[in-house]
Protein chains: 2
Amino acid sequence: MAQRPTMNDVAAAAGVSQAVVSIVLSGSYAGRASETTAQRVRDAATDLDYHPNLQAKSLKTGVAEIIGLVGDEVATAPFSGMLIKGAQDRAWQDDHMLMTIDTGGDDALESAAIGTMLSHRVRGVIYTAMYHREVEIPAAALSTRAVCLNARERDNRVPSVTPDEVTGGYEATKVLLDAGHTRIAMINIHDVLPAARGRREGYERALREAGIDPDPDLVYRGEGVQRSGFEASRHLMSLDEPPTAIFCGNDRSALGAYQALAELGLRIPEDVSIVGFDDQDLLRDFFHPPLTTVRLPFAEMGDRAAALVLDADAPAEVHLIHCPVIHRQSVAPLKGR
Amino acid sequence: MAQRPTMNDVAAAAGVSQAVVSIVLSGSYAGRASETTAQRVRDAATDLDYHPNLQAKSLKTGVAEIIGLVGDEVATAPFSGMLIKGAQDRAWQDDHMLMTIDTGGDDALESAAIGTMLSHRVRGVIYTAMYHREVEIPAAALSTRAVCLNARERDNRVPSVTPDEVTGGYEATKVLLDAGHTRIAMINIHDVLPAARGRREGYERALREAGIDPDPDLVYRGEGVQRSGFEASRHLMSLDEPPTAIFCGNDRSALGAYQALAELGLRIPEDVSIVGFDDQDLLRDFFHPPLTTVRLPFAEMGDRAAALVLDADAPAEVHLIHCPVIHRQSVAPLKGR
DNA sequence: CGATCTGCGTCATACGAATAACGCCAGCGT
DNA sequence: ACGCTGGCGTTATTCGTATGACGCAGATCG
């Protein structure tokens with residue numbers, strides 16, 4: 001673990017000045033060095049196992065090639081990995097590193113984290129929420145490039161990246177409409193969430209476009225957990241005119257719906273069609289038949305957020321990322337048609 | 001987004017030299033500055049919203065207060081979050097940052113990642129596998145402090161941190177023995193994995209200590225998925241002398257076992273006691289009754305790995321982290337006793 | 001043939017913080 | 001009155017890299 005070689009060492013080995021080494025290895029200033037010299041320098045660098053000291057580089061240039069990512073529950077949320085991976089891959093492609101901090105929702109830790117990132121002269125900070133919601137971005141983060149991920153910044157002072165819940169809800173409902181269904185229920189999740197509001201808005205829009213007036217009795221306000229999907233389904237199927245299809249606000253609710261329908265002796269999709277939302281990996285095995293659902297595009301979102309950090313000119317608007325419908329086998333044409 | 005203030009700005013504002021600012025803010029050299037001056041400096045720093053430039057600091061000191069974490073599947077593995085969180089929290093407590101790279105198993109990317117970390121002059125690198133296995137650490141990583149996490153380095157050139165599978169298997173089996181069971185089956189996972197070997201070793205040791213000769217017929221070699229747990233259980237219960245308790249090599253197998261036993265009309269724990277392994281959060285809801293299992297201590301492992309990076313004197317040995325039994329309700333005393 | 005240009009390098013300096021070395025002054029002992 | 005010590009600051013230098021300014025030889029031009 002000896003001292004790492006520096007440009008001076010490389011320069012000495014190649015018989016040139018440090019400046020040339022810098023010019024050659026950084027790749028800028030094309031043409032300032034002859035090809036033969038350049039090759040000599042590169043060989044020497046390889047020989048010595050030279051790695052540039054990025055501290056020195058960014059001391060000189062003013063910014064580090066690092067993007068910070070601050071999140072509340074990076075560790076615990078099941079999908080956060082994809083959010084991070086998307087951001088990391090984009091950062092990496094653009095020669096940046098990602099520095100992640102999980103604050104666990106602790107405000108003091110959060111501002112400390114942002115402070116540390118500023119100290120590292122990060123290129124910018126991605127401020128991430130682990131479920132789609134509205135956030136207030138810490139003032140400290142505004143002194144660098146900041147982007148909200150899976151969250152909408154209250155005052156639109158910075159760009160935000162969120163899933164396009166509305167279009168997702170719209171397309172999910174459209175799948176059911178296209179299959180001929182007209183009595184389509186929705187089991188929604190906690191309705192204070194932007195996710196819930198957006199998905200419902202899309203649902204209603206699709207119905208109206210199809211000339212169907214949304215029936216409030218068909219919208220159940222659940223909590224996004226399995227049990228509320230279960231209860232909602234029992235309730236919905238006991239209506240005088242029960243739905244023939246259900247759009248579930250998330251996959252967990254859908255799982256509850258599957259159970260309830262099974263207990264009622266109803267088959268999916270023959271008797272009732274189901275569409276979910278989230279496309280949660282870990283639940284996938286539990287759906288028989290496999291659930292048609294809408295995928296939350298976490299990797300794409302992370303990618304976009306990182307790209308926005310690097311593009312200083314991007315406007316401070318909300319960037320919606322499309323949620324594609326994943327067609328599986330829980331939707332069938334309406335019977336008797 | 002103006003230029004960030006430097007120590008010189010703070011010095012000017014406080015009417016002192018840059019050196020004093022350094023002395024005061026770094027906290028070292030206690031007593032070199034009077035309390036009044038120190039206070040003046042601190043006030044000025046707060047006023048200007050000064051954040052030290054860590055690039056400059058580590059350029060001077062030689063190392064950055066950063067720990068690198070390289071893993072193959074940071075994003076996709078469900079528990080990796082806790083591994084990372086454990087490492088991050090430890091790093092953070094010791095004033096370090098964690099820089100994470102998910103290589104997706106790509107070797108080229110992996111060495112590039114390590115190269116970048118070396119360029120950042122990280123304090124050390126945590127080399128992480130997303131399931132417990134034996135790895136060969138890239139040569140590049142050896143030029144800095146390296147630690148293996150959830151993996152055992154082949155040649156023991158660096159410290160490794162792994163779960164104590166053997167003791168875990170031992171204690172899991174002991175729970176069943178203590179409940180009076182003597183015919184205890186094991187549904188193991190892929191048996192090339194160190195996890196599988198260790199858990200089985202613990203299982204057999206516990207049996208022998210209790211004076212029971214391990215019966216090979218009671219050990220089913222599955223694949224760690226739900227279906228093999230299902231098939232294993234059906235097979236085991238069809239034996240002439242079926243087991244009264246099953247130790248499942250992981251929770252997913254246990255879930256399969258639950259299903260199989262339910263179909264056979266056997267109750268848990270009254271008819272058959274079950275112990276799992278992993279304590280996977282996301283499966284928890286699916287166990288009725290709740291599963292007694294062994295927890296993989298990911299957060300502790302991450303913590304330890306980070307601590308080992310920071311402790312340059314720690315020996316290059318395997319550090320086993322204890323896997324505690326989580327007592328829930330799938331174990332009952334043997335009937336008819 | 002002197003002036004200008006071009007290609008290829010070198011020199012010197014700056015980035016921001018840490019720290020060794022030094023300076024100054026008050027207080028104290030003798 | 002002299003030297004000494006401690007307390008408190010300052011000055012100057014250093015880390016490794018990037019880059020503006022400059023140098024120099026050979027080619028080109030008027």
# chains A, B, ... in the order shown; residues from 1 in each chain; ligands from 1
call {"tool": "calpha_fit_and_write", "arguments": {"fixed": "chain A", "moving": "chain B", "output": "tab-separated table (two decimals) with C-alpha atoms, in the first residue's frame"}}
result
chain	number	residue	atom	x	y	z
B	1	MET	CA	-0.26	-0.08	-0.03
B	2	ALA	CA	2.45	2.37	-0.89
B	3	GLN	CA	1.84	5.93	-1.95
B	4	ARG	CA	-0.12	6.08	-5.14
B	5	PRO	CA	1.73	7.38	-8.20
B	6	THR	CA	1.02	10.92	-9.36
B	7	MET	CA	1.25	12.66	-12.66
B	8	ASN	CA	4.76	13.62	-11.78
B	9	ASP	CA	5.75	9.99	-11.49
B	10	VAL	CA	4.19	9.25	-14.83
B	11	ALA	CA	5.89	12.28	-16.33
B	12	ALA	CA	9.26	11.18	-15.02
B	13	ALA	CA	8.75	7.67	-16.32
B	14	ALA	CA	7.77	8.92	-19.74
B	15	GLY	CA	10.44	11.58	-19.82
B	16	VAL	CA	8.09	14.48	-20.23
B	17	SER	CA	6.64	17.21	-18.08
B	18	GLN	CA	3.62	16.85	-15.85
B	19	ALA	CA	1.65	19.18	-18.08
B	20	VAL	CA	1.92	16.86	-21.03
B	21	VAL	CA	0.71	13.99	-18.93
B	22	SER	CA	-2.31	16.00	-17.95
B	23	ILE	CA	-2.98	16.95	-21.53
B	24	VAL	CA	-2.64	13.44	-22.82
B	25	LEU	CA	-4.61	11.66	-20.14
B	26	SER	CA	-7.43	14.13	-19.89
B	27	GLY	CA	-7.95	13.90	-23.62
B	28	SER	CA	-8.65	17.59	-23.91
B	29	TYR	CA	-6.39	19.79	-25.96
B	30	ALA	CA	-6.27	17.29	-28.75
B	31	GLY	CA	-3.27	17.84	-30.92
B	32	ARG	CA	-1.15	19.40	-28.25
B	33	ALA	CA	0.92	16.26	-28.03
B	34	SER	CA	2.34	14.05	-30.73
B	35	GLU	CA	0.97	10.59	-31.01
B	36	THR	CA	4.30	9.00	-30.11
B	37	THR	CA	4.62	11.02	-26.94
B	38	ALA	CA	1.02	10.38	-26.06
B	39	GLN	CA	1.56	6.68	-26.41
B	40	ARG	CA	4.65	6.82	-24.24
B	41	VAL	CA	2.69	8.62	-21.57
B	42	ARG	CA	-0.18	6.18	-21.68
B	43	ASP	CA	2.18	3.26	-21.43
B	44	ALA	CA	3.90	4.78	-18.44
B	45	ALA	CA	0.56	5.40	-16.78
B	46	THR	CA	-0.51	1.82	-17.28
B	47	ASP	CA	2.85	0.57	-16.06
B	48	LEU	CA	2.64	2.50	-12.85
B	49	ASP	CA	-1.02	1.66	-12.38
B	50	TYR	CA	-1.73	5.34	-12.27
B	51	HIS	CA	-5.15	6.52	-11.18
B	52	PRO	CA	-5.80	10.25	-11.38
B	53	ASN	CA	-6.47	11.92	-8.07
B	54	LEU	CA	-9.97	13.21	-8.50
B	55	GLN	CA	-9.70	15.29	-5.36
B	56	ALA	CA	-7.02	17.35	-6.98
B	57	LYS	CA	-8.88	17.49	-10.23
B	58	SER	CA	-12.04	18.80	-8.72
B	59	LEU	CA	-10.19	21.13	-6.43
B	60	LYS	CA	-8.92	22.73	-9.59
B	61	THR	CA	-12.13	22.55	-11.55
B	62	GLY	CA	-14.47	23.53	-8.77
B	63	VAL	CA	-16.93	20.63	-8.89
B	64	ALA	CA	-16.63	16.97	-8.26
B	65	GLU	CA	-18.05	14.44	-10.64
B	66	ILE	CA	-20.39	13.21	-8.00
B	67	ILE	CA	-24.12	13.27	-7.73
B	68	GLY	CA	-25.61	13.04	-4.28
B	69	LEU	CA	-28.75	11.09	-3.58
B	70	VAL	CA	-30.58	11.69	-0.34
B	71	GLY	CA	-33.57	9.59	0.52
B	72	ASP	CA	-35.67	8.81	3.50
B	73	GLU	CA	-35.91	5.07	3.26
B	74	VAL	CA	-33.47	3.87	0.71
B	75	ALA	CA	-32.93	0.70	2.62
B	76	THR	CA	-36.36	-0.48	3.53
B	77	ALA	CA	-38.49	0.34	0.53
B	78	PRO	CA	-38.46	-2.65	-1.75
B	79	PHE	CA	-38.25	-0.81	-5.04
B	80	SER	CA	-35.84	1.90	-4.01
B	81	GLY	CA	-33.07	-0.21	-5.43
B	82	MET	CA	-34.26	0.39	-8.95
B	83	LEU	CA	-34.59	4.09	-8.34
B	84	ILE	CA	-31.00	4.18	-7.22
B	85	LYS	CA	-29.79	1.87	-9.91
B	86	GLY	CA	-31.40	4.01	-12.57
B	87	ALA	CA	-29.73	7.11	-11.21
B	88	GLN	CA	-26.43	5.36	-10.77
B	89	ASP	CA	-26.36	3.99	-14.29
B	90	ARG	CA	-27.08	7.36	-15.78
B	91	ALA	CA	-24.50	9.02	-13.57
B	92	TRP	CA	-21.98	6.39	-14.45
B	93	GLN	CA	-22.58	6.78	-18.17
B	94	ASP	CA	-21.85	10.45	-17.82
B	95	ASP	CA	-18.70	9.78	-15.79
B	96	HIS	CA	-20.17	10.58	-12.45
B	97	MET	CA	-20.44	8.71	-9.21
B	98	LEU	CA	-23.48	8.44	-7.04
B	99	MET	CA	-23.21	9.07	-3.34
B	100	THR	CA	-26.21	7.81	-1.47
B	101	ILE	CA	-27.45	8.64	1.98
B	102	ASP	CA	-30.40	7.09	3.71
B	103	THR	CA	-31.62	9.51	6.32
B	104	GLY	CA	-34.28	7.23	7.74
B	105	GLY	CA	-36.54	10.26	7.78
B	106	ASP	CA	-34.44	12.06	10.37
B	107	ASP	CA	-34.45	15.78	9.60
B	108	ALA	CA	-31.24	16.54	11.45
B	109	LEU	CA	-29.47	13.78	9.63
B	110	GLU	CA	-30.93	14.99	6.42
B	111	SER	CA	-29.48	18.45	6.64
B	112	ALA	CA	-26.20	17.02	7.85
B	113	ALA	CA	-26.21	14.75	4.84
B	114	ILE	CA	-26.80	17.60	2.48
B	115	GLY	CA	-24.10	19.60	4.20
B	116	THR	CA	-21.65	16.79	3.68
B	117	MET	CA	-22.59	16.56	0.05
B	118	LEU	CA	-22.02	20.25	-0.38
B	119	SER	CA	-18.65	19.78	1.24
B	120	HIS	CA	-17.88	17.18	-1.35
B	121	ARG	CA	-18.77	19.76	-3.97
B	122	VAL	CA	-21.25	17.44	-5.59
B	123	ARG	CA	-22.57	18.37	-8.95
B	124	GLY	CA	-26.07	18.24	-7.58
B	125	VAL	CA	-28.41	16.47	-5.25
B	126	ILE	CA	-31.28	14.12	-5.98
B	127	TYR	CA	-33.81	14.39	-3.22
B	128	THR	CA	-35.78	11.18	-3.14
B	129	ALA	CA	-38.95	10.10	-1.44
B	130	MET	CA	-39.60	6.43	-1.17
B	131	TYR	CA	-43.24	6.73	-1.97
B	132	HIS	CA	-44.65	9.30	-4.31
B	133	ARG	CA	-45.55	12.38	-2.32
B	134	GLU	CA	-45.15	16.10	-2.00
B	135	VAL	CA	-42.05	17.32	-0.20
B	136	GLU	CA	-40.39	20.49	0.91
B	137	ILE	CA	-36.84	20.54	-0.21
B	138	PRO	CA	-34.29	21.58	2.45
B	139	ALA	CA	-32.98	25.08	1.90
B	140	ALA	CA	-29.40	23.87	1.95
B	141	ALA	CA	-30.01	21.75	-1.11
B	142	LEU	CA	-30.97	24.82	-3.09
B	143	SER	CA	-27.44	26.12	-3.04
B	144	THR	CA	-26.57	23.40	-5.50
B	145	ARG	CA	-28.42	21.79	-8.35
B	146	ALA	CA	-31.34	19.90	-6.84
B	147	VAL	CA	-33.88	17.53	-8.33
B	148	CYS	CA	-36.81	15.79	-6.67
B	149	LEU	CA	-37.30	12.14	-7.40
B	150	ASN	CA	-40.54	10.26	-6.87
B	151	ALA	CA	-41.71	13.41	-5.20
B	152	ARG	CA	-43.10	16.74	-6.19
B	153	GLU	CA	-41.49	19.83	-4.79
B	154	ARG	CA	-44.11	22.07	-3.30
B	155	ASP	CA	-43.10	25.35	-4.86
B	156	ASN	CA	-41.70	24.10	-8.13
B	157	ARG	CA	-38.35	25.67	-7.54
B	158	VAL	CA	-36.57	22.60	-8.81
B	159	PRO	CA	-37.37	19.92	-11.37
B	160	SER	CA	-39.31	16.93	-10.09
B	161	VAL	CA	-39.53	13.48	-11.55
B	162	THR	CA	-42.64	11.45	-10.82
B	163	PRO	CA	-44.51	8.57	-12.33
B	164	ASP	CA	-47.35	9.56	-14.60
B	165	GLU	CA	-50.03	8.14	-12.36
B	166	VAL	CA	-52.88	9.65	-14.31
B	167	THR	CA	-51.95	8.12	-17.61
B	168	GLY	CA	-51.21	4.87	-15.80
B	169	GLY	CA	-54.67	4.81	-14.30
B	170	TYR	CA	-56.13	5.80	-17.61
B	171	GLU	CA	-54.44	3.04	-19.54
B	172	ALA	CA	-55.19	0.42	-16.92
B	173	THR	CA	-58.85	1.29	-17.11
B	174	LYS	CA	-58.68	1.42	-20.88
B	175	VAL	CA	-57.48	-2.18	-20.95
B	176	LEU	CA	-60.65	-3.18	-19.15
B	177	LEU	CA	-62.86	-0.99	-21.30
B	178	ASP	CA	-61.30	-2.41	-24.44
B	179	ALA	CA	-62.14	-5.86	-23.18
B	180	GLY	CA	-65.76	-4.80	-23.19
B	181	HIS	CA	-66.23	-4.14	-19.49
B	182	THR	CA	-68.49	-1.32	-18.46
B	183	ARG	CA	-68.99	-1.89	-14.75
B	184	ILE	CA	-65.43	-1.35	-13.63
B	185	ALA	CA	-64.71	-0.88	-9.97
B	186	MET	CA	-61.65	0.68	-8.44
B	187	ILE	CA	-60.05	-0.30	-5.16
B	188	ASN	CA	-57.97	2.71	-4.35
B	189	ILE	CA	-55.12	3.17	-1.90
B	190	HIS	CA	-54.80	5.87	0.71
B	191	ASP	CA	-56.44	8.77	-1.02
B	192	VAL	CA	-54.26	11.55	0.31
B	193	LEU	CA	-51.40	10.20	-1.78
B	194	PRO	CA	-50.73	11.83	-5.13
B	195	ALA	CA	-50.48	8.28	-6.43
B	196	ALA	CA	-54.04	7.53	-5.37
B	197	ARG	CA	-55.43	10.77	-6.67
B	198	GLY	CA	-53.69	10.46	-10.00
B	199	ARG	CA	-54.67	6.86	-10.56
B	200	ARG	CA	-58.26	7.62	-9.78
B	201	GLU	CA	-58.26	10.63	-12.03
B	202	GLY	CA	-57.00	8.49	-14.90
B	203	TYR	CA	-59.62	5.89	-14.12
B	204	GLU	CA	-62.43	8.41	-14.23
B	205	ARG	CA	-61.15	10.07	-17.34
B	206	ALA	CA	-61.05	6.77	-19.18
B	207	LEU	CA	-64.59	5.97	-18.13
B	208	ARG	CA	-65.91	9.35	-19.21
B	209	GLU	CA	-64.17	9.10	-22.54
B	210	ALA	CA	-65.97	5.81	-23.02
B	211	GLY	CA	-69.23	7.52	-22.25
B	212	ILE	CA	-69.56	5.98	-18.80
B	213	ASP	CA	-70.39	8.10	-15.82
B	214	PRO	CA	-68.11	7.08	-12.92
B	215	ASP	CA	-70.19	5.46	-10.22
B	216	PRO	CA	-68.91	6.51	-6.77
B	217	ASP	CA	-70.27	3.28	-5.31
B	218	LEU	CA	-67.76	1.39	-7.40
B	219	VAL	CA	-64.80	3.22	-5.91
B	220	TYR	CA	-63.62	1.71	-2.66
B	221	ARG	CA	-61.22	3.68	-0.53
B	222	GLY	CA	-58.80	1.19	0.91
B	223	GLU	CA	-55.39	1.46	2.44
B	224	GLY	CA	-53.30	-0.24	-0.15
B	225	VAL	CA	-52.80	-3.37	1.86
B	226	GLN	CA	-53.84	-6.91	1.16
B	227	ARG	CA	-56.64	-6.91	3.67
B	228	SER	CA	-58.33	-3.86	2.27
B	229	GLY	CA	-58.22	-5.42	-1.17
B	230	PHE	CA	-59.86	-8.45	0.34
B	231	GLU	CA	-62.59	-6.54	2.10
B	232	ALA	CA	-63.16	-4.24	-0.83
B	233	SER	CA	-63.70	-7.14	-3.17
B	234	ARG	CA	-66.18	-8.84	-0.88
B	235	HIS	CA	-68.06	-5.60	-0.59
B	236	LEU	CA	-68.02	-4.86	-4.28
B	237	MET	CA	-69.16	-8.31	-5.29
B	238	SER	CA	-72.07	-8.10	-2.89
B	239	LEU	CA	-73.51	-5.06	-4.61
B	240	ASP	CA	-76.80	-5.42	-6.45
B	241	GLU	CA	-75.01	-4.93	-9.68
B	242	PRO	CA	-71.47	-6.11	-9.02
B	243	PRO	CA	-68.58	-5.05	-11.24
B	244	THR	CA	-67.22	-7.36	-13.90
B	245	ALA	CA	-63.77	-5.88	-13.63
B	246	ILE	CA	-61.70	-4.28	-10.89
B	247	PHE	CA	-58.86	-1.84	-11.21
B	248	CYS	CA	-56.77	-2.16	-8.06
B	249	GLY	CA	-54.79	0.85	-6.93
B	250	ASN	CA	-51.82	-1.38	-6.21
B	251	ASP	CA	-50.72	-4.97	-6.44
B	252	ARG	CA	-51.13	-5.67	-2.77
B	253	SER	CA	-54.79	-4.77	-2.96
B	254	ALA	CA	-55.02	-6.94	-6.03
B	255	LEU	CA	-53.63	-9.85	-4.06
B	256	GLY	CA	-56.39	-9.36	-1.52
B	257	ALA	CA	-58.87	-9.24	-4.35
B	258	TYR	CA	-57.57	-12.54	-5.72
B	259	GLN	CA	-58.11	-14.16	-2.35
B	260	ALA	CA	-61.57	-12.76	-1.87
B	261	LEU	CA	-62.68	-13.80	-5.34
B	262	ALA	CA	-61.25	-17.27	-4.85
B	263	GLU	CA	-63.22	-17.64	-1.64
B	264	LEU	CA	-66.34	-16.47	-3.43
B	265	GLY	CA	-65.77	-19.10	-6.05
B	266	LEU	CA	-65.19	-16.56	-8.77
B	267	ARG	CA	-62.55	-17.18	-11.39
B	268	ILE	CA	-60.05	-14.69	-12.71
B	269	PRO	CA	-60.29	-13.63	-15.46
B	270	GLU	CA	-63.34	-15.59	-16.60
B	271	ASP	CA	-65.71	-14.12	-14.04
B	272	VAL	CA	-63.89	-10.99	-13.00
B	273	SER	CA	-61.03	-9.21	-14.70
B	274	ILE	CA	-58.38	-7.56	-12.57
B	275	VAL	CA	-55.73	-4.95	-13.27
B	276	GLY	CA	-53.19	-3.96	-10.65
B	277	PHE	CA	-50.65	-1.21	-10.25
B	278	ASP	CA	-46.94	-1.17	-9.26
B	279	ASP	CA	-45.82	-4.47	-10.80
B	280	GLN	CA	-44.11	-5.42	-7.59
B	281	ASP	CA	-41.56	-8.11	-8.28
B	282	LEU	CA	-41.80	-9.87	-5.02
B	283	LEU	CA	-45.50	-10.36	-5.22
B	284	ARG	CA	-45.42	-11.71	-8.73
B	285	ASP	CA	-45.23	-15.36	-7.74
B	286	PHE	CA	-48.38	-15.14	-5.72
B	287	PHE	CA	-50.71	-14.31	-8.55
B	288	HIS	CA	-52.47	-17.18	-10.30
B	289	PRO	CA	-53.17	-16.31	-13.02
B	290	PRO	CA	-50.39	-13.76	-13.48
B	291	LEU	CA	-51.61	-10.25	-12.88
B	292	THR	CA	-52.00	-7.67	-15.61
B	293	THR	CA	-50.69	-4.53	-13.98
B	294	VAL	CA	-49.06	-1.18	-14.51
B	295	ARG	CA	-45.36	-0.89	-13.98
B	296	LEU	CA	-43.82	1.90	-11.97
B	297	PRO	CA	-40.80	2.87	-14.06
B	298	PHE	CA	-38.33	3.35	-11.26
B	299	ALA	CA	-35.18	2.81	-13.25
B	300	GLU	CA	-36.28	5.32	-15.86
B	301	MET	CA	-37.17	7.78	-13.14
B	302	GLY	CA	-33.77	7.48	-11.51
B	303	ASP	CA	-32.16	7.87	-14.89
B	304	ARG	CA	-34.09	10.99	-15.63
B	305	ALA	CA	-33.36	12.54	-12.27
B	306	ALA	CA	-29.64	12.06	-12.71
B	307	ALA	CA	-29.85	13.46	-16.21
B	308	LEU	CA	-31.64	16.52	-14.86
B	309	VAL	CA	-28.93	17.10	-12.30
B	310	LEU	CA	-26.37	17.12	-15.07
B	311	ASP	CA	-28.41	19.35	-17.32
B	312	ALA	CA	-28.27	22.67	-15.53
B	313	ASP	CA	-30.57	24.30	-18.06
B	314	ALA	CA	-33.49	21.97	-17.56
B	315	PRO	CA	-36.57	23.84	-16.41
B	316	ALA	CA	-37.98	23.46	-12.90
B	317	GLU	CA	-41.05	21.58	-13.95
B	318	VAL	CA	-42.59	18.23	-13.17
B	319	HIS	CA	-41.30	15.51	-15.42
B	320	LEU	CA	-43.82	12.71	-15.75
B	321	ILE	CA	-42.51	9.28	-16.58
B	322	HIS	CA	-44.83	6.94	-18.38
B	323	CYS	CA	-46.07	3.84	-16.56
B	324	PRO	CA	-46.56	1.05	-19.07
B	325	VAL	CA	-49.27	-1.57	-18.79
B	326	ILE	CA	-47.83	-5.05	-18.41
B	327	HIS	CA	-50.21	-7.46	-20.06
B	328	ARG	CA	-50.51	-10.80	-18.34
B	329	GLN	CA	-53.51	-13.01	-17.84
B	330	SER	CA	-55.92	-11.44	-15.42
B	331	VAL	CA	-58.03	-9.68	-18.03
B	332	ALA	CA	-60.55	-11.37	-20.30
B	333	PRO	CA	-63.27	-10.08	-22.61
B	334	LEU	CA	-66.59	-9.52	-20.94
B	335	LYS	CA	-68.68	-12.66	-20.97
B	336	GLY	CA	-71.91	-12.88	-22.95
B	337	ARG	CA	-70.87	-10.57	-25.67
call {"tool": "closest_atom_pairs", "arguments": {"of": "chain D", "to": "chain B", "cutoff": "10 Å", "atoms": "only C-alpha atoms (C1' of nucleotides)", "output": "JSON lines"}}
result
{"residue": "D:DG7", "atom": "C1'", "partner": "B:Arg32", "partner_atom": "CA", "distance": 7.6}
{"residue": "D:DC8", "atom": "C1'", "partner": "B:Ala33", "partner_atom": "CA", "distance": 5.9}
{"residue": "D:DG9", "atom": "C1'", "partner": "B:Val20", "partner_atom": "CA", "distance": 7.4}
{"residue": "D:DT10", "atom": "C1'", "partner": "B:Ser17", "partner_atom": "CA", "distance": 6.8}
{"residue": "D:DT11", "atom": "C1'", "partner": "B:Ala19", "partner_atom": "CA", "distance": 9.4}
{"residue": "D:DT14", "atom": "C1'", "partner": "B:Lys60", "partner_atom": "CA", "distance": 7.5}
{"residue": "D:DC15", "atom": "C1'", "partner": "B:Lys60", "partner_atom": "CA", "distance": 4.5}
{"residue": "D:DG16", "atom": "C1'", "partner": "B:Leu59", "partner_atom": "CA", "distance": 7.3}
call {"tool": "write_last_selection", "arguments": {"atoms": "N, CA and C atoms (P, O5', C5', C4', C3', O3' and C1' of nucleotides)", "output": "compact mmCIF listing (two decimals), in the first residue's frame"}}
result
# COMPACT_ATOMS: atom_id res chain seq x y z
P DG D 7 -0.10 27.77 28.05
O5' DG D 7 -0.61 29.05 27.26
C5' DG D 7 -0.90 30.25 27.98
C4' DG D 7 -1.36 31.31 27.01
C3' DG D 7 -2.41 30.83 26.00
O3' DG D 7 -3.37 31.87 25.84
C1' DG D 7 -0.54 31.68 24.84
P DC D 8 -4.68 31.64 24.96
O5' DC D 8 -4.27 32.28 23.57
C5' DC D 8 -4.09 33.71 23.51
C4' DC D 8 -3.58 34.10 22.14
C3' DC D 8 -4.44 33.60 20.97
O3' DC D 8 -4.84 34.73 20.23
C1' DC D 8 -2.14 33.27 20.56
P DG D 9 -6.14 34.61 19.22
O5' DG D 9 -5.46 35.02 17.86
C5' DG D 9 -4.18 34.49 17.59
C4' DG D 9 -3.43 35.40 16.66
C3' DG D 9 -3.77 35.13 15.20
O3' DG D 9 -3.70 36.29 14.39
C1' DG D 9 -1.56 34.34 15.72
P DT D 10 -3.98 36.10 12.78
O5' DT D 10 -2.49 35.98 12.26
C5' DT D 10 -1.54 36.99 12.62
C4' DT D 10 -0.25 36.77 11.84
C3' DT D 10 -0.47 36.56 10.34
O3' DT D 10 0.50 37.29 9.62
C1' DT D 10 0.68 34.70 11.26
P DT D 11 0.33 37.42 8.01
O5' DT D 11 1.67 36.75 7.48
C5' DT D 11 2.69 36.39 8.40
C4' DT D 11 3.75 35.56 7.71
C3' DT D 11 3.61 35.42 6.19
O3' DT D 11 4.91 35.36 5.64
C1' DT D 11 3.42 33.28 7.18
P DT D 14 7.42 23.48 -0.23
O5' DT D 14 6.24 22.40 -0.20
C5' DT D 14 5.99 21.62 0.98
C4' DT D 14 4.62 21.00 0.87
C3' DT D 14 4.30 20.44 -0.51
O3' DT D 14 4.35 19.02 -0.46
C1' DT D 14 2.45 21.64 0.45
P DC D 15 4.43 18.22 -1.88
O5' DC D 15 2.94 17.64 -1.98
C5' DC D 15 2.40 16.81 -0.95
C4' DC D 15 0.91 16.72 -1.14
C3' DC D 15 0.51 16.44 -2.58
O3' DC D 15 0.30 15.04 -2.73
C1' DC D 15 -0.83 18.19 -1.59
P DG D 16 0.98 14.33 -4.02
O5' DG D 16 -0.07 14.72 -5.15
C5' DG D 16 -1.37 14.17 -5.08
C4' DG D 16 -2.18 14.69 -6.24
C3' DG D 16 -1.58 14.41 -7.62
O3' DG D 16 -2.62 14.00 -8.47
C1' DG D 16 -1.94 16.73 -7.35
call {"tool": "interface_residues", "arguments": {"of": "chain C", "to": "chain A", "cutoff": "8 Å", "atoms": "only C-alpha atoms (C1' of nucleotides)", "output": "ChimeraX atom specification"}}
result
/C:7-10,14-16
call {"tool": "select_by_dssp", "arguments": {"residues": "range 97-271 of chain A", "states": "alpha helix (DSSP H)", "output": "JSON, numbers by chain"}}
result
{"A": [107, 108, 109, 110, 111, 112, 113, 114, 115, 116, 117, 118, 119, 165, 166, 167, 168, 169, 170, 171, 172, 173, 174, 175, 176, 177, 178, 194, 195, 196, 197, 198, 199, 200, 201, 202, 203, 204, 205, 206, 207, 208, 209, 226, 227, 228, 229, 230, 231, 232, 233, 234, 235, 236, 237, 251, 252, 253, 254, 255, 256, 257, 258, 259, 260, 261, 262, 263]}
call {"tool": "atom_distance", "arguments": {"atom1": "C1' of DC24 in chain C", "atom2": "C1' of DA12 in chain D"}}
result
17.6 Å
call {"tool": "atom_distance", "arguments": {"atom1": "C1' of DT19 in chain C", "atom2": "C1' of DT19 in chain D"}}
result
27.6 Å
call {"tool": "select_by_dssp", "arguments": {"residues": "range 56-142 of chain A", "states": "strand (DSSP E or B)", "output": "list in words"}}
result
Ile66, Ile67, Gly68, Leu69, Val70, Gly71, Met97, Leu98, Met99, Thr100, Ile101, Asp102, Gly124, Val125, Ile126, Tyr127, Thr128, Ala129, Met130, Tyr131, His132, Arg133, Glu134 and Val135 of chain A
